[in-house]
>>> print(open('input.csv').read())   # CSV, C-alpha atoms and all ligand atoms
chain,number,residue,atom,x,y,z
A,1,MET,CA,-11.1,-126.5,-172.7
A,2,GLN,CA,-7.5,-126.2,-171.6
A,3,VAL,CA,-6.2,-123.4,-169.5
A,4,LYS,CA,-3.0,-121.9,-170.8
A,5,ALA,CA,-0.4,-120.1,-168.7
A,6,ILE,CA,2.2,-117.9,-170.3
A,7,THR,CA,5.9,-118.7,-169.8
A,8,PHE,CA,9.3,-117.9,-171.3
A,9,THR,CA,11.0,-119.7,-174.1
A,10,LYS,CA,14.4,-121.2,-173.5
A,11,ASP,CA,16.0,-118.5,-175.5
A,12,ALA,CA,14.3,-115.7,-173.6
A,13,LYS,CA,15.3,-117.3,-170.3
A,14,LYS,CA,19.0,-116.8,-171.3
A,15,VAL,CA,18.5,-113.1,-171.3
A,16,GLU,CA,19.6,-111.7,-168.0
A,17,LEU,CA,17.4,-109.0,-166.7
A,18,ASP,CA,17.1,-107.7,-163.2
A,19,GLY,CA,14.6,-105.3,-161.7
A,20,CYS,CA,11.6,-104.4,-159.6
A,21,CYS,CA,9.0,-101.7,-159.1
A,22,ARG,CA,10.2,-98.5,-157.4
A,23,PHE,CA,7.9,-99.1,-154.4
A,24,TRP,CA,6.7,-102.1,-152.4
A,25,MET,CA,3.5,-102.5,-150.4
A,26,PRO,CA,4.1,-103.1,-146.7
A,27,LEU,CA,4.8,-106.4,-145.0
A,28,VAL,CA,2.0,-107.7,-142.8
A,29,PHE,CA,1.8,-110.0,-139.8
A,30,CYS,CA,-1.7,-111.4,-139.6
A,31,GLU,CA,-3.0,-111.9,-136.1
A,32,ARG,CA,-5.5,-114.5,-137.3
A,33,CYS,CA,-3.3,-116.9,-139.3
A,34,LYS,CA,-0.2,-116.0,-137.4
A,35,ARG,CA,1.8,-115.6,-140.6
A,36,ARG,CA,3.9,-112.9,-142.3
A,37,SER,CA,2.9,-112.1,-145.8
A,38,GLY,CA,4.8,-114.2,-148.4
A,39,GLU,CA,6.4,-112.4,-151.2
A,40,PRO,CA,3.9,-112.4,-154.1
A,41,ALA,CA,5.0,-112.3,-157.7
A,42,ALA,CA,2.5,-109.5,-158.3
A,43,ASN,CA,3.5,-106.1,-159.4
A,44,PHE,CA,1.6,-103.1,-160.5
A,45,PRO,CA,3.7,-100.8,-162.6
A,46,ALA,CA,0.6,-98.8,-163.8
A,47,LEU,CA,-0.2,-97.7,-160.2
A,48,SER,CA,1.2,-94.6,-158.8
A,49,VAL,CA,2.0,-94.1,-155.1
A,50,PRO,CA,0.5,-91.0,-153.4
A,51,GLN,CA,3.3,-88.6,-152.4
A,52,HIS,CA,2.8,-88.8,-148.7
A,53,LEU,CA,3.3,-92.6,-148.8
A,54,GLU,CA,6.4,-92.6,-151.0
A,55,LYS,CA,8.9,-92.6,-148.2
A,56,CYS,CA,7.4,-95.5,-146.4
A,57,LEU,CA,6.9,-97.6,-149.5
A,58,GLU,CA,10.4,-97.2,-151.0
A,59,ALA,CA,11.7,-100.5,-152.1
A,60,ASN,CA,14.9,-100.3,-150.2
A,61,GLU,CA,13.2,-99.4,-146.9
A,62,LYS,CA,13.7,-102.0,-144.1
A,63,ARG,CA,10.3,-103.4,-143.4
A,64,LYS,CA,8.7,-104.0,-140.0
A,65,PRO,CA,5.5,-106.0,-140.3
A,66,ILE,CA,2.3,-104.1,-139.7
A,67,THR,CA,-1.2,-105.3,-138.8
A,68,VAL,CA,-3.9,-106.2,-141.3
A,69,ASP,CA,-5.9,-103.1,-140.3
A,70,GLU,CA,-2.9,-100.8,-140.7
A,71,TYR,CA,-2.3,-102.5,-144.1
A,72,ARG,CA,-5.8,-101.9,-145.3
A,73,ILE,CA,-5.5,-98.1,-144.6
A,74,ILE,CA,-2.4,-97.8,-146.8
A,75,ARG,CA,-3.7,-100.1,-149.5
A,76,ASP,CA,-7.0,-98.2,-149.8
A,77,GLN,CA,-5.1,-94.9,-150.1
A,78,VAL,CA,-3.0,-96.3,-152.9
A,79,LEU,CA,-6.1,-97.8,-154.7
A,80,SER,CA,-8.2,-94.7,-154.3
A,81,ALA,CA,-5.4,-92.4,-155.5
A,82,ASN,CA,-5.5,-94.5,-158.7
A,83,GLY,CA,-9.3,-94.9,-158.9
A,84,ARG,CA,-8.8,-98.7,-158.8
A,85,ASN,CA,-10.7,-99.9,-155.7
A,86,ASP,CA,-11.5,-103.1,-157.6
A,87,LEU,CA,-7.9,-104.4,-157.4
A,88,ILE,CA,-6.5,-107.2,-155.3
A,89,LEU,CA,-3.3,-105.7,-154.0
A,90,PRO,CA,-1.5,-108.1,-151.6
A,91,PRO,CA,1.2,-107.2,-149.1
A,92,LEU,CA,4.7,-106.9,-150.6
A,93,SER,CA,3.4,-106.4,-154.1
A,94,GLY,CA,5.5,-104.1,-156.3
A,95,VAL,CA,4.0,-100.8,-157.1
A,96,GLY,CA,5.0,-98.0,-159.5
A,97,VAL,CA,7.4,-97.6,-162.4
A,98,PHE,CA,9.4,-100.8,-163.1
A,99,GLU,CA,13.1,-100.2,-163.0
A,100,ALA,CA,15.2,-102.8,-164.7
A,101,LYS,CA,18.7,-103.5,-166.1
A,102,LEU,CA,19.6,-105.6,-169.0
A,103,LEU,CA,22.7,-107.5,-168.1
A,104,VAL,CA,23.2,-110.1,-170.9
A,105,GLY,CA,21.4,-110.9,-174.2
A,106,ARG,CA,19.0,-109.2,-176.6
A,107,LEU,CA,15.3,-108.6,-175.8
A,108,TYR,CA,12.6,-110.6,-177.5
A,109,ASP,CA,9.0,-109.4,-177.9
A,110,PHE,CA,8.4,-110.8,-174.4
A,111,ALA,CA,11.3,-110.4,-171.9
A,112,TRP,CA,11.2,-111.9,-168.4
A,113,ILE,CA,12.5,-110.9,-165.0
A,114,ASN,CA,12.6,-113.7,-162.4
A,115,SER,CA,10.6,-116.0,-164.7
A,116,TRP,CA,7.3,-114.4,-163.6
A,117,THR,CA,7.5,-110.8,-164.6
A,118,PRO,CA,6.9,-110.3,-168.3
A,119,LEU,CA,7.9,-107.1,-170.2
A,120,ILE,CA,6.6,-106.6,-173.7
A,121,SER,CA,7.9,-104.7,-176.7
A,122,LYS,CA,6.0,-101.6,-177.8
A,123,GLU,CA,5.9,-103.1,-181.3
A,124,ALA,CA,4.3,-106.3,-180.0
A,125,LEU,CA,1.8,-104.3,-178.0
A,126,ARG,CA,0.8,-102.4,-181.1
A,127,ARG,CA,0.4,-105.5,-183.2
A,128,LEU,CA,-1.7,-107.1,-180.5
A,129,ALA,CA,-3.9,-104.0,-180.2
A,130,ASP,CA,-4.5,-104.2,-184.0
A,131,LYS,CA,-6.1,-107.6,-183.2
A,132,ASN,CA,-8.1,-106.0,-180.5
A,133,ILE,CA,-6.0,-107.4,-177.7
A,134,ASN,CA,-5.4,-104.5,-175.3
A,135,LEU,CA,-3.1,-105.2,-172.4
A,136,LYS,CA,-2.6,-103.2,-169.3
A,137,ILE,CA,0.9,-101.7,-169.1
A,138,GLY,CA,2.9,-99.6,-166.8
A,139,GLY,CA,6.1,-97.5,-167.0
A,140,LEU,CA,9.5,-99.2,-167.4
A,141,GLN,CA,12.9,-97.6,-167.0
A,142,LEU,CA,15.2,-100.1,-168.7
A,143,THR,CA,18.9,-99.5,-168.9
A,144,CYS,CA,21.9,-101.3,-170.3
A,145,GLY,CA,25.2,-100.0,-169.1
A,146,ALA,CA,24.9,-96.3,-169.2
A,147,GLY,CA,22.2,-96.3,-172.0
A,148,ASN,CA,18.5,-96.3,-171.9
A,149,ILE,CA,16.4,-98.9,-173.8
A,150,GLY,CA,13.0,-97.5,-174.8
A,151,THR,CA,11.7,-100.5,-176.8
A,152,HIS,CA,9.7,-102.2,-174.0
A,153,VAL,CA,7.1,-101.6,-171.3
A,154,ALA,CA,6.1,-103.5,-168.2
A,155,LEU,CA,2.9,-105.6,-168.2
A,156,GLN,CA,0.5,-105.2,-165.3
A,157,CYS,CA,-1.2,-108.7,-164.9
A,158,GLU,CA,-3.9,-108.1,-162.3
A,159,LEU,CA,-4.9,-110.8,-159.8
A,160,ALA,CA,-8.0,-113.0,-159.7
A,161,ALA,CA,-8.8,-116.1,-157.7
A,162,LEU,CA,-9.4,-118.7,-160.4
A,163,LEU,CA,-8.9,-122.1,-158.8
A,164,ALA,CA,-11.9,-124.3,-158.2
A,165,GLU,CA,-12.5,-125.5,-154.6
A,166,GLU,CA,-11.3,-129.0,-155.2
A,167,THR,CA,-8.1,-127.8,-156.7
A,168,ILE,CA,-7.5,-125.4,-153.8
A,169,GLU,CA,-8.0,-128.4,-151.5
A,170,GLY,CA,-5.8,-130.6,-153.5
A,171,LEU,CA,-3.0,-128.1,-153.5
A,172,ALA,CA,-3.3,-127.8,-149.7
A,173,LEU,CA,-4.0,-124.1,-149.9
A,174,GLU,CA,-6.2,-122.2,-147.4
A,175,LYS,CA,-7.5,-118.7,-147.5
A,176,CYS,CA,-7.3,-116.7,-144.3
A,177,ASP,CA,-10.5,-114.8,-143.8
A,178,LEU,CA,-8.8,-111.9,-142.1
A,179,CYS,CA,-5.8,-111.1,-144.3
A,180,GLN,CA,-7.5,-112.7,-147.4
A,181,GLU,CA,-4.3,-114.3,-148.5
A,182,TYR,CA,-3.8,-118.0,-149.5
A,183,HIS,CA,-1.3,-120.0,-147.5
A,184,ARG,CA,0.2,-123.4,-148.1
A,185,LYS,CA,-0.7,-125.9,-145.4
A,186,SER,CA,1.8,-128.4,-146.8
A,187,MET,CA,5.0,-127.6,-148.7
A,188,ARG,CA,4.9,-131.1,-150.3
A,189,VAL,CA,2.2,-130.3,-152.8
A,190,ASN,CA,2.7,-127.5,-155.3
A,191,MET,CA,1.4,-126.4,-158.7
A,192,MET,CA,4.2,-128.1,-160.5
A,193,ASN,CA,3.9,-131.6,-159.0
A,194,TYR,CA,0.1,-131.7,-158.5
A,195,GLU,CA,-1.0,-134.7,-160.5
A,196,ALA,CA,-4.8,-134.5,-160.5
A,197,THR,CA,-6.3,-132.1,-163.1
A,198,LYS,CA,-6.3,-128.6,-162.0
A,199,TYR,CA,-9.7,-126.9,-162.5
A,200,PHE,CA,-10.1,-123.1,-163.1
A,201,LYS,CA,-13.3,-121.1,-162.8
A,202,ARG,CA,-14.1,-119.6,-166.1
A,203,ALA,CA,-16.6,-117.2,-164.5
A,204,ASN,CA,-13.8,-115.5,-162.5
A,205,PHE,CA,-11.8,-114.6,-165.7
A,206,LYS,CA,-13.8,-111.5,-166.4
A,207,GLY,CA,-14.4,-109.0,-169.1
A,208,ASP,CA,-11.9,-108.1,-171.8
A,209,VAL,CA,-8.9,-109.0,-169.7
A,210,HIS,CA,-6.3,-111.1,-171.4
A,211,LEU,CA,-3.7,-111.9,-168.8
A,212,VAL,CA,-4.6,-112.7,-165.2
A,213,ARG,CA,-2.2,-113.6,-162.4
A,214,LEU,CA,-3.5,-116.3,-160.1
A,215,HIS,CA,-4.2,-114.8,-156.6
A,216,GLU,CA,-3.8,-118.3,-155.1
A,217,TRP,CA,-0.4,-118.9,-156.7
A,218,SER,CA,0.9,-115.7,-158.1
A,219,THR,CA,3.8,-117.0,-160.2
A,220,PHE,CA,1.2,-118.3,-162.7
A,221,ILE,CA,-0.3,-115.9,-165.4
A,222,ILE,CA,-3.3,-117.3,-167.3
A,223,ALA,CA,-4.0,-116.1,-170.8
A,224,SER,CA,-7.3,-115.7,-172.7
A,225,GLU,CA,-7.9,-117.9,-175.8
A,226,GLN,CA,-7.9,-114.7,-177.9
A,227,PHE,CA,-4.5,-113.8,-176.5
A,228,VAL,CA,-3.0,-117.2,-177.2
A,229,GLU,CA,-4.4,-117.2,-180.8
A,230,ALA,CA,-3.1,-113.6,-181.5
A,231,VAL,CA,0.4,-114.3,-180.2
A,232,GLN,CA,0.6,-117.5,-182.3
A,233,ASP,CA,-0.8,-115.7,-185.4
A,234,LEU,CA,1.7,-112.9,-185.1
A,235,GLY,CA,4.6,-115.2,-184.2
A,236,LEU,CA,5.6,-113.1,-181.2
A,237,THR,CA,8.9,-114.2,-179.6
A,238,GLY,CA,10.0,-115.0,-176.1
A,239,ILE,CA,6.7,-116.4,-175.0
A,240,GLN,CA,5.1,-119.9,-175.0
A,241,PHE,CA,2.1,-121.5,-173.4
A,242,ASP,CA,1.8,-124.3,-170.8
A,243,ASP,CA,-1.4,-126.3,-170.4
A,244,VAL,CA,-2.0,-126.0,-166.7
A,245,GLY,CA,-5.6,-127.4,-166.3
A,246,GLU,CA,-9.1,-127.2,-167.4
A,247,TRP,CA,-11.8,-124.5,-167.3
A,248,VAL,CA,-15.0,-125.3,-165.6
B,301,ZN,ZN,-4.2,-114.1,-142.2
>>> encode(input="input.csv", output="structure tokens")
Amino acid sequence: MQVKAITFTKDAKKVELDGCCRFWMPLVFCERCKRRSGEPAANFPALSVPQHLEKCLEANEKRKPITVDEYRIIRDQVLSANGRNDLILPPLSGVGVFEAKLLVGRLYDFAWINSWTPLISKEALRRLADKNINLKIGGLQLTCGAGNIGTHVALQCELAALLAEETIEGLALEKCDLCQEYHRKSMRVNMMNYEATKYFKRANFKGDVHLVRLHEWSTFIIASEQFVEAVQDLGLTGIQFDDVGEWV
């Protein structure tokens, strides 16, 4: 069975949108793998930031790296405040209401920021819900010039590690057992030029979740079969699917 990742259509890519979450998680320097956290594509517009952390997580704050232990304290406060201790929340993830500007073009059912942050129209969300596809969403403040656009919301695609061991190996990824992040041992191999079949663990795609961002390679968002079918049935615009590997 093929694994499908969601991506933009050519038309949707021409729309110019810019934005990010109001807050960012801190930058970490890990004393075990000796790396600074990379910038994940992950963002969590449905999470709120406890008031006492707002100042230090503001997106425009200059960041000094903190230790893994210091990071865990802040992360756990954010997760507990939202009752979501189950979430993988990597350093530098976006958190809180998504703020975006539409610069050029009209919005499709799915609109894209930076190729890896999907927004969805409220209408498409409702039509998907009618087919029993319920997606996790967060707040979006979308403006165009001086006006507000209220037609869309931000999707929260939560992370799961889905890659099988041999694919992790093939992609030259390694997981640090302290910071729990995946790092690339070699820059020559990546998801796009990896020629062997990529295998994904079905068992890690859990419950009634329909869109999962890969923890190992966070620009990829994997869709459930029900989601793919519903989107095609409804003829939703601005989205297409890439075959990225096989379920095992
Ligand atoms: Zn590490």
>>> residues_near_point(input="input.csv", point="(-4.7, -112.8, -162.9)", cutoff="9 Å", atoms="all atoms listed in the file", output="VMD selection string")
chain A and resid 157 to 162 205 209 to 215 218 220 to 223
>>> write_last_selection(input="input.csv", atoms="C-alpha atoms", output="JSON list (two decimals), keeping the file's coordinate frame")
[["chain", "number", "residue", "atom", "x", "y", "z"],
["A", 157, "CYS", "CA", -1.20, -108.70, -164.90],
["A", 158, "GLU", "CA", -3.90, -108.10, -162.30],
["A", 159, "LEU", "CA", -4.90, -110.80, -159.80],
["A", 160, "ALA", "CA", -8.00, -113.00, -159.70],
["A", 161, "ALA", "CA", -8.80, -116.10, -157.70],
["A", 162, "LEU", "CA", -9.40, -118.70, -160.40],
["A", 205, "PHE", "CA", -11.80, -114.60, -165.70],
["A", 209, "VAL", "CA", -8.90, -109.00, -169.70],
["A", 210, "HIS", "CA", -6.30, -111.10, -171.40],
["A", 211, "LEU", "CA", -3.70, -111.90, -168.80],
["A", 212, "VAL", "CA", -4.60, -112.70, -165.20],
["A", 213, "ARG", "CA", -2.20, -113.60, -162.40],
["A", 214, "LEU", "CA", -3.50, -116.30, -160.10],
["A", 215, "HIS", "CA", -4.20, -114.80, -156.60],
["A", 218, "SER", "CA", 0.90, -115.70, -158.10],
["A", 220, "PHE", "CA", 1.20, -118.30, -162.70],
["A", 221, "ILE", "CA", -0.30, -115.90, -165.40],
["A", 222, "ILE", "CA", -3.30, -117.30, -167.30],
["A", 223, "ALA", "CA", -4.00, -116.10, -170.80]]
>>> residues_around(input="input.csv", residues="Gly170 in chain A", least_positions_apart="6", cutoff="10 Å", atoms="only C-alpha atoms", output="MDAnalysis selection string")
chainID A and resid 164 189:191 194:198
>>> atom_distance(input="input.csv", atom1="CA of Asn43 in chain A", atom2="CA of Glu166 in chain A")
27.6 Å
>>> residues_near_ligand(input="input.csv", ligand="ligand ZN 301 (chain B)", cutoff="10 Å", atoms="only C-alpha atoms and all ligand atoms", output="VMD selection string")
chain A and resid 28 to 37 67 to 68 174 to 183
>>> residues_near_point(input="input.csv", point="(-16.2, -122.6, -164.2)", cutoff="9 Å", atoms="only C-alpha atoms", output="ChimeraX atom specification")
/A:162,164,199-204,247-248
>>> closest_residue(input="input.csv", among="A:Leu27, A:Leu135, A:Ala42, A:Ile66", to="Thr219 in chain A", atoms="only C-alpha atoms")
A:Ala42
>>> residues_around(input="input.csv", residues="range 119-129 of chain A", least_positions_apart="5", cutoff="8 Å", atoms="only C-alpha atoms", output="JSON, numbers by chain")
{"A": [108, 109, 110, 111, 112, 113, 134, 135, 151, 152, 153, 154, 155, 230, 231, 234, 236]}
>>> closest_residue(input="input.csv", among="A:Leu17, A:Ala12, A:Val3, A:Val97", to="Val49 in chain A", atoms="all atoms listed in the file")
A:Val97
>>> atom_distance(input="input.csv", atom1="CA of Gly83 in chain A", atom2="CA of Ser48 in chain A")
10.5 Å
>>> residues_around(input="input.csv", residues="range 14-16 of chain A", least_positions_apart="5", cutoff="7 Å", atoms="all atoms listed in the file", output="list in words")
Leu102, Leu103, Val104, Gly105 and Arg106 of chain A
>>> residues_around(input="input.csv", residues="Asn148 in chain A", least_positions_apart="3", cutoff="12 Å", atoms="only C-alpha atoms", output="PDB file with C-alpha atoms, in the coordinates of the input")
ATOM      1  CA  GLU A  99      13.100-100.200-163.000  1.00  0.00           C
ATOM      2  CA  ALA A 100      15.200-102.800-164.700  1.00  0.00           C
ATOM      3  CA  LYS A 101      18.700-103.500-166.100  1.00  0.00           C
ATOM      4  CA  LEU A 102      19.600-105.600-169.000  1.00  0.00           C
ATOM      5  CA  LEU A 140       9.500 -99.200-167.400  1.00  0.00           C
ATOM      6  CA  GLN A 141      12.900 -97.600-167.000  1.00  0.00           C
ATOM      7  CA  LEU A 142      15.200-100.100-168.700  1.00  0.00           C
ATOM      8  CA  THR A 143      18.900 -99.500-168.900  1.00  0.00           C
ATOM      9  CA  CYS A 144      21.900-101.300-170.300  1.00  0.00           C
ATOM     10  CA  GLY A 145      25.200-100.000-169.100  1.00  0.00           C
ATOM     11  CA  THR A 151      11.700-100.500-176.800  1.00  0.00           C
ATOM     12  CA  HIS A 152       9.700-102.200-174.000  1.00  0.00           C
TER      13      HIS A 152
END
>>> closest_residue(input="input.csv", among="A:Phe227, A:Asn132, A:Ser80, A:Asp233", to="Ala5 in chain A", atoms="only C-alpha atoms")
A:Phe227
>>> atom_distance(input="input.csv", atom1="CA of Ile6 in chain A", atom2="CA of Asn85 in chain A")
26.5 Å
